[in-house]
There are 2 protein chains.
Amino acid sequence: MRKQELARLIDHTALGPAVSAGRVEELCREAIRYGFAAVCIPPTHVPLAARLLREQGPVVCTVVGFPHGHHTPEVKAFEARTVGSEGAREVDMVINVAALKEGDYARVSADVRAVREALEKVAERPVLKVILECALLDDREKTAGAILAQAAGADFVKTSTGFASGGATVEDVALLRRTVAAHVGVKAAGGIGDYETAARMVEAGANRLGASRSVAIVGGAPD
Amino acid sequence: MRKQELARLIDHTALGPAVSAGRVEELCREAIRYGFAAVCIPPTHVPLAARLLREQGPVVCTVVGFPHGHHTPEVKAFEARTVGSEGAREVDMVINVAALKEGDYARVSADVRAVREALEKVAERPVLKVILECALLDDREKTAGAILAQAAGADFVKTSTGFASGGATVEDVALLRRTVAAHVGVKAAGGIGDYETAARMVEAGANRLGASRSVAIVGGAPD
């Protein structure tokens, strides 16, 4: 895959408690320069990123209920509406992992639906990516989570937050890809650090990649 | 310190994406049996814990903006009001770590104040503990964070979430204790796994401890 083509699949990401405004500025500059799909940044920095990316190619992506997914549906919905109104064009939410593992599918659904409905109230409805946190799930739970996410209105299912014990694997990407419908995307995230890994994820079915080492990844791709 | 006396200082804790309802039930039973101060559990489980602890000694503690502290003040305030109305009697919030590290003290203050004001709207105003996440801060930042937290209405300052690279240290507890006024508590959390460590934290000035291995900690104390 060529550099430009690969860059268009990448959410250039900096998450964690200590991400500074300066780091977000740098991320936005790099996103414009390399043509990444989005910058993915903490909710507190959405207004800054929205200002820096106004009328540029890359959009602002942020996270909701992140990274533990343990916030109530009302809180996730409120957060989604807030970041949407501040300029986030894409929202990556974490599911209620505990509910999924307990087989409480109604609760998992209601949680995703609450966020989807909140996003529908935003002027240009942001893209919704639903993070399953695969490192904490067995294959049955991953499958159920992906199906429930699609049913509740996910535009993408996403493997990982990057803050659990493990990130994206080729096996998980393939499982998610064969589980959801063709119109639902698969985002691989967590631990993707070089071109070879990125290419394997795309080959397995990912059509979006979350990465912090995006510049190095694209650097390894053929011109 | 005797078992009973120590137990009364402990927030018996289970946090993380996969904490089940069953684990919360177990935690509540243990809290009643040992006389812990509180159970500290994910926001989604507050109604369950509030039901199980009704008219018992231990109270329900939960977390807000946890563990990254990167949610906007409005979202943290909304979450605080929600969990307060559902029965949380204590709320451990994470500060805007990035803002503190950038020296944006007004933003750190406004964030804590938003949560404090939200809690004041709850019938019996819940106790507010403010988590600084000391592992990510230098001493100057810890001092500033503690001062700003007290000024904005914290009842306690707390060392750590338990999800950063490090947890409570004796040095940090002592620093926080000498920084805040006597009426403000200091909660040590993260990595406290045995009686000896717990006792050292109390000696350094902690008057609340967050721990998941609380039963073992109390087990190691003299009768």
# chains A, B, ... in the order shown; residues from 1 in each chain; ligands from 1
>>> interface_residues(of="chain B", to="chain A", cutoff="6 Å", atoms="only C-alpha atoms", output="PDB file with N, CA and C atoms, in the first residue's frame")
ATOM      1  N   PRO B  17     -12.395  -2.008  33.655  1.00  0.00           N
ATOM      2  CA  PRO B  17     -13.494  -2.188  32.702  1.00  0.00           C
ATOM      3  C   PRO B  17     -14.348  -3.436  32.952  1.00  0.00           C
ATOM      4  N   ALA B  18     -13.792  -4.452  33.595  1.00  0.00           N
ATOM      5  CA  ALA B  18     -14.486  -5.747  33.628  1.00  0.00           C
ATOM      6  C   ALA B  18     -15.021  -6.126  35.008  1.00  0.00           C
ATOM      7  N   VAL B  19     -15.202  -5.157  35.896  1.00  0.00           N
ATOM      8  CA  VAL B  19     -15.719  -5.469  37.234  1.00  0.00           C
ATOM      9  C   VAL B  19     -17.192  -5.875  37.127  1.00  0.00           C
ATOM     10  N   SER B  20     -17.487  -7.093  37.545  1.00  0.00           N
ATOM     11  CA  SER B  20     -18.843  -7.638  37.377  1.00  0.00           C
ATOM     12  C   SER B  20     -19.741  -7.277  38.551  1.00  0.00           C
ATOM     13  N   PRO B  42     -17.102   0.977  40.025  1.00  0.00           N
ATOM     14  CA  PRO B  42     -17.393   1.746  38.800  1.00  0.00           C
ATOM     15  C   PRO B  42     -18.782   2.397  38.854  1.00  0.00           C
ATOM     16  N   PRO B  43     -18.928   3.539  38.195  1.00  0.00           N
ATOM     17  CA  PRO B  43     -20.204   4.275  38.207  1.00  0.00           C
ATOM     18  C   PRO B  43     -21.422   3.425  37.815  1.00  0.00           C
ATOM     19  N   THR B  44     -21.250   2.560  36.827  1.00  0.00           N
ATOM     20  CA  THR B  44     -22.383   1.735  36.384  1.00  0.00           C
ATOM     21  C   THR B  44     -22.947   0.857  37.501  1.00  0.00           C
ATOM     22  N   HIS B  68      -8.582   8.807  33.333  1.00  0.00           N
ATOM     23  CA  HIS B  68      -7.681   9.736  32.645  1.00  0.00           C
ATOM     24  C   HIS B  68      -7.918  11.199  32.977  1.00  0.00           C
ATOM     25  N   HIS B  70      -9.644  13.282  31.530  1.00  0.00           N
ATOM     26  CA  HIS B  70      -9.621  14.093  30.301  1.00  0.00           C
ATOM     27  C   HIS B  70     -11.010  14.521  29.829  1.00  0.00           C
ATOM     28  N   HIS B  71     -12.040  14.202  30.626  1.00  0.00           N
ATOM     29  CA  HIS B  71     -13.400  14.613  30.270  1.00  0.00           C
ATOM     30  C   HIS B  71     -13.578  16.100  30.587  1.00  0.00           C
ATOM     31  N   THR B  72     -14.474  16.769  29.895  1.00  0.00           N
ATOM     32  CA  THR B  72     -14.673  18.205  30.147  1.00  0.00           C
ATOM     33  C   THR B  72     -15.324  18.408  31.520  1.00  0.00           C
ATOM     34  N   VAL B  75     -18.940  17.437  31.654  1.00  0.00           N
ATOM     35  CA  VAL B  75     -19.179  15.988  31.677  1.00  0.00           C
ATOM     36  C   VAL B  75     -18.907  15.427  33.072  1.00  0.00           C
ATOM     37  N   GLU B  79     -21.670  13.687  35.423  1.00  0.00           N
ATOM     38  CA  GLU B  79     -21.443  12.344  35.984  1.00  0.00           C
ATOM     39  C   GLU B  79     -21.565  12.371  37.513  1.00  0.00           C
ATOM     40  N   VAL B  97      -5.151  16.455  34.450  1.00  0.00           N
ATOM     41  CA  VAL B  97      -3.707  16.295  34.666  1.00  0.00           C
ATOM     42  C   VAL B  97      -2.911  17.137  33.665  1.00  0.00           C
ATOM     43  N   ALA B  98      -3.344  17.100  32.415  1.00  0.00           N
ATOM     44  CA  ALA B  98      -2.628  17.840  31.372  1.00  0.00           C
ATOM     45  C   ALA B  98      -2.614  19.332  31.685  1.00  0.00           C
TER      46      ALA B  98
END
>>> calpha_fit_and_write(fixed="chain B", moving="chain A", output="short mmCIF file (atom, residue, chain, number, x, y, z; two decimals) with C-alpha atoms, in the first residue's frame")
data_model
loop_
_atom_site.label_atom_id
_atom_site.label_comp_id
_atom_site.auth_asym_id
_atom_site.auth_seq_id
_atom_site.Cartn_x
_atom_site.Cartn_y
_atom_site.Cartn_z
CA MET A 1 -2.97 -0.16 64.41
CA ARG A 2 -5.72 -2.66 65.34
CA LYS A 3 -7.82 -4.45 62.74
CA GLN A 4 -11.06 -2.54 63.41
CA GLU A 5 -9.38 0.82 63.48
CA LEU A 6 -7.57 0.13 60.20
CA ALA A 7 -10.70 -1.24 58.47
CA ARG A 8 -12.51 2.04 59.13
CA LEU A 9 -9.91 3.84 56.99
CA ILE A 10 -10.23 1.59 53.93
CA ASP A 11 -12.20 2.15 50.74
CA HIS A 12 -12.58 -1.45 49.59
CA THR A 13 -12.01 -1.09 45.86
CA ALA A 14 -12.65 -2.85 42.55
CA LEU A 15 -12.22 -0.67 39.47
CA GLY A 16 -11.48 -1.40 35.82
CA PRO A 17 -13.51 -2.20 32.69
CA ALA A 18 -14.48 -5.75 33.64
CA VAL A 19 -15.71 -5.47 37.25
CA SER A 20 -18.84 -7.64 37.40
CA ALA A 21 -22.00 -7.25 39.42
CA GLY A 22 -20.95 -10.42 41.24
CA ARG A 23 -17.66 -8.85 42.27
CA VAL A 24 -19.51 -5.78 43.56
CA GLU A 25 -21.81 -7.98 45.62
CA GLU A 26 -18.81 -9.74 47.13
CA LEU A 27 -17.14 -6.40 47.85
CA CYS A 28 -20.25 -5.13 49.66
CA ARG A 29 -20.50 -8.28 51.77
CA GLU A 30 -16.83 -7.97 52.75
CA ALA A 31 -17.22 -4.27 53.50
CA ILE A 32 -20.07 -4.97 55.92
CA ARG A 33 -18.26 -7.90 57.51
CA TYR A 34 -14.97 -6.10 58.07
CA GLY A 35 -16.34 -2.60 58.70
CA PHE A 36 -14.62 -0.83 55.81
CA ALA A 37 -15.35 2.87 55.26
CA ALA A 38 -16.72 2.38 51.77
CA VAL A 39 -16.76 0.26 48.66
CA CYS A 40 -15.22 2.05 45.69
CA ILE A 41 -16.71 0.75 42.45
CA PRO A 42 -17.39 1.74 38.80
CA PRO A 43 -20.20 4.27 38.20
CA THR A 44 -22.39 1.73 36.38
CA HIS A 45 -22.60 -0.34 39.59
CA VAL A 46 -23.66 2.46 41.97
CA PRO A 47 -27.37 1.54 42.09
CA LEU A 48 -26.51 -2.08 42.94
CA ALA A 49 -24.04 -1.15 45.69
CA ALA A 50 -26.42 1.46 47.10
CA ARG A 51 -29.11 -1.17 47.42
CA LEU A 52 -26.77 -3.69 49.06
CA LEU A 53 -25.34 -1.20 51.55
CA ARG A 54 -28.60 0.52 52.49
CA GLU A 55 -28.62 1.15 56.25
CA GLN A 56 -25.25 -0.56 56.66
CA GLY A 57 -22.06 1.07 57.90
CA PRO A 58 -20.00 1.23 54.69
CA VAL A 59 -21.04 3.79 52.09
CA VAL A 60 -20.87 3.77 48.30
CA CYS A 61 -17.89 5.50 46.74
CA THR A 62 -17.45 5.81 42.97
CA VAL A 63 -15.22 7.56 40.47
CA VAL A 64 -15.74 10.50 38.12
CA GLY A 65 -13.71 11.32 35.02
CA PHE A 66 -11.81 8.15 35.75
CA PRO A 67 -9.05 7.20 35.17
CA HIS A 68 -7.69 9.73 32.64
CA GLY A 69 -9.36 12.92 33.91
CA HIS A 70 -9.64 14.09 30.30
CA HIS A 71 -13.40 14.61 30.27
CA THR A 72 -14.68 18.20 30.13
CA PRO A 73 -15.81 19.89 33.39
CA GLU A 74 -19.43 19.75 32.17
CA VAL A 75 -19.19 15.99 31.67
CA LYS A 76 -17.54 15.43 35.05
CA ALA A 77 -20.22 17.57 36.72
CA PHE A 78 -22.98 15.66 34.96
CA GLU A 79 -21.44 12.34 35.98
CA ALA A 80 -21.07 13.50 39.59
CA ARG A 81 -24.71 14.59 39.77
CA THR A 82 -25.84 11.31 38.23
CA VAL A 83 -23.91 9.04 40.61
CA GLY A 84 -24.84 11.24 43.56
CA SER A 85 -28.54 10.93 42.75
CA GLU A 86 -28.10 7.15 42.44
CA GLY A 87 -26.69 6.77 45.93
CA ALA A 88 -22.94 7.46 45.84
CA ARG A 89 -21.99 9.07 49.15
CA GLU A 90 -18.37 9.66 48.11
CA VAL A 91 -16.94 10.63 44.74
CA ASP A 92 -13.31 10.31 43.69
CA MET A 93 -12.67 12.54 40.67
CA VAL A 94 -9.53 12.75 38.53
CA ILE A 95 -8.20 16.26 37.85
CA ASN A 96 -7.28 17.59 34.43
CA VAL A 97 -3.70 16.31 34.68
CA ALA A 98 -2.62 17.85 31.37
CA ALA A 99 -3.82 21.31 32.45
CA LEU A 100 -1.96 21.02 35.75
CA LYS A 101 1.25 20.04 33.99
CA GLU A 102 0.89 23.00 31.63
CA GLY A 103 0.43 25.36 34.60
CA ASP A 104 -3.13 26.22 33.60
CA TYR A 105 -4.26 26.55 37.22
CA ALA A 106 -7.52 28.34 36.38
CA ARG A 107 -8.59 25.35 34.32
CA VAL A 108 -7.63 22.87 37.03
CA SER A 109 -9.66 24.88 39.57
CA ALA A 110 -12.70 25.29 37.37
CA ASP A 111 -12.74 21.55 36.72
CA VAL A 112 -12.78 20.64 40.44
CA ARG A 113 -15.23 23.43 41.23
CA ALA A 114 -17.65 22.17 38.58
CA VAL A 115 -17.77 18.78 40.30
CA ARG A 116 -18.05 20.29 43.78
CA GLU A 117 -20.97 22.47 42.67
CA ALA A 118 -22.69 19.50 41.05
CA LEU A 119 -22.35 17.54 44.30
CA GLU A 120 -23.87 20.42 46.26
CA LYS A 121 -27.06 19.87 44.28
CA VAL A 122 -27.32 16.30 45.61
CA ALA A 123 -29.60 15.91 48.67
CA GLU A 124 -26.88 14.78 51.13
CA ARG A 125 -23.78 16.33 49.55
CA PRO A 126 -21.31 13.49 48.79
CA VAL A 127 -17.72 13.66 50.01
CA LEU A 128 -15.37 14.84 47.25
CA LYS A 129 -11.93 13.27 46.86
CA VAL A 130 -9.66 14.75 44.24
CA ILE A 131 -7.16 12.43 42.54
CA LEU A 132 -3.95 14.11 41.42
CA GLU A 133 -2.28 11.06 39.77
CA CYS A 134 1.07 11.75 41.42
CA ALA A 135 3.03 9.29 39.25
CA LEU A 136 2.65 11.75 36.37
CA LEU A 137 3.59 14.86 38.39
CA ASP A 138 6.72 16.45 39.81
CA ASP A 139 6.68 17.82 43.37
CA ARG A 140 5.82 21.35 42.26
CA GLU A 141 2.84 20.03 40.30
CA LYS A 142 1.72 17.84 43.22
CA THR A 143 1.84 20.84 45.55
CA ALA A 144 -0.05 23.09 43.15
CA GLY A 145 -2.64 20.39 42.50
CA ALA A 146 -3.28 19.84 46.20
CA ILE A 147 -3.64 23.56 46.90
CA LEU A 148 -6.00 24.09 43.97
CA ALA A 149 -8.05 21.04 44.99
CA GLN A 150 -8.47 22.34 48.54
CA ALA A 151 -9.40 25.81 47.29
CA ALA A 152 -12.02 24.36 44.95
CA GLY A 153 -13.71 22.39 47.72
CA ALA A 154 -12.03 18.98 47.97
CA ASP A 155 -12.70 17.03 51.16
CA PHE A 156 -9.72 14.79 50.41
CA VAL A 157 -6.76 14.84 48.06
CA LYS A 158 -5.86 11.41 46.73
CA THR A 159 -2.55 10.24 45.37
CA SER A 160 -3.42 7.92 42.47
CA THR A 161 -5.99 6.15 40.34
CA GLY A 162 -4.19 2.81 40.48
CA PHE A 163 -4.03 2.80 36.66
CA ALA A 164 -0.92 4.93 36.07
CA SER A 165 2.67 3.70 36.10
CA GLY A 166 2.82 4.00 39.90
CA GLY A 167 0.60 4.24 42.97
CA ALA A 168 0.86 5.81 46.40
CA THR A 169 4.29 6.47 47.92
CA VAL A 170 5.12 7.45 51.50
CA GLU A 171 6.83 10.59 50.15
CA ASP A 172 3.75 11.71 48.23
CA VAL A 173 1.44 11.09 51.16
CA ALA A 174 3.71 13.19 53.39
CA LEU A 175 3.91 15.95 50.77
CA LEU A 176 0.13 16.09 50.41
CA ARG A 177 -0.36 15.98 54.19
CA ARG A 178 1.88 18.97 54.78
CA THR A 179 0.37 20.86 51.82
CA VAL A 180 -3.34 20.78 52.60
CA ALA A 181 -5.09 22.07 55.73
CA ALA A 182 -5.86 19.76 58.63
CA HIS A 183 -9.56 19.57 57.75
CA VAL A 184 -8.71 18.13 54.30
CA GLY A 185 -8.06 14.41 54.25
CA VAL A 186 -5.34 12.53 52.38
CA LYS A 187 -6.21 9.28 50.63
CA ALA A 188 -3.40 6.95 49.60
CA ALA A 189 -4.28 4.56 46.79
CA GLY A 190 -2.56 2.30 44.31
CA GLY A 191 -0.37 -0.66 45.14
CA ILE A 192 -1.20 -0.93 48.86
CA GLY A 193 -1.20 -4.69 49.27
CA ASP A 194 -0.25 -5.56 52.84
CA TYR A 195 -0.53 -4.36 56.43
CA GLU A 196 3.02 -2.99 56.61
CA THR A 197 2.51 -0.76 53.57
CA ALA A 198 -0.87 0.40 54.84
CA ALA A 199 0.60 1.25 58.26
CA ARG A 200 3.42 3.25 56.64
CA MET A 201 0.89 5.27 54.63
CA VAL A 202 -1.11 6.07 57.76
CA GLU A 203 2.07 7.01 59.61
CA ALA A 204 2.96 9.38 56.75
CA GLY A 205 -0.39 11.12 57.15
CA ALA A 206 -3.00 9.21 55.18
CA ASN A 207 -6.42 9.08 56.81
CA ARG A 208 -8.02 7.04 54.05
CA LEU A 209 -6.65 4.14 52.05
CA GLY A 210 -7.86 2.78 48.73
CA ALA A 211 -7.15 -0.92 48.29
CA SER A 212 -8.44 -4.01 46.56
CA ARG A 213 -6.52 -6.39 48.82
CA SER A 214 -8.24 -4.91 51.88
CA VAL A 215 -9.11 -8.25 53.47
CA ALA A 216 -5.45 -9.32 53.39
CA ILE A 217 -4.36 -5.91 54.71
CA VAL A 218 -6.68 -6.12 57.70
CA GLY A 219 -5.71 -9.76 58.16
CA GLY A 220 -2.13 -8.66 58.76
CA ALA A 221 -3.04 -6.16 61.47
CA PRO A 222 -3.00 -7.04 65.18
CA ASP A 223 -6.35 -7.92 66.79
#
>>> select_by_dssp(residues="region 12-148 of chain B", states="alpha helix (DSSP H)", output="PyMOL selection string")
chain B and resi 21-34+46-53+73-85+97-101+105-120+139-148
>>> select_by_dssp(residues="region 77-200 of chain B", states="strand (DSSP E or B)", output="number ranges by chain")
B: 90-94, 127-131, 156-158, 185-189
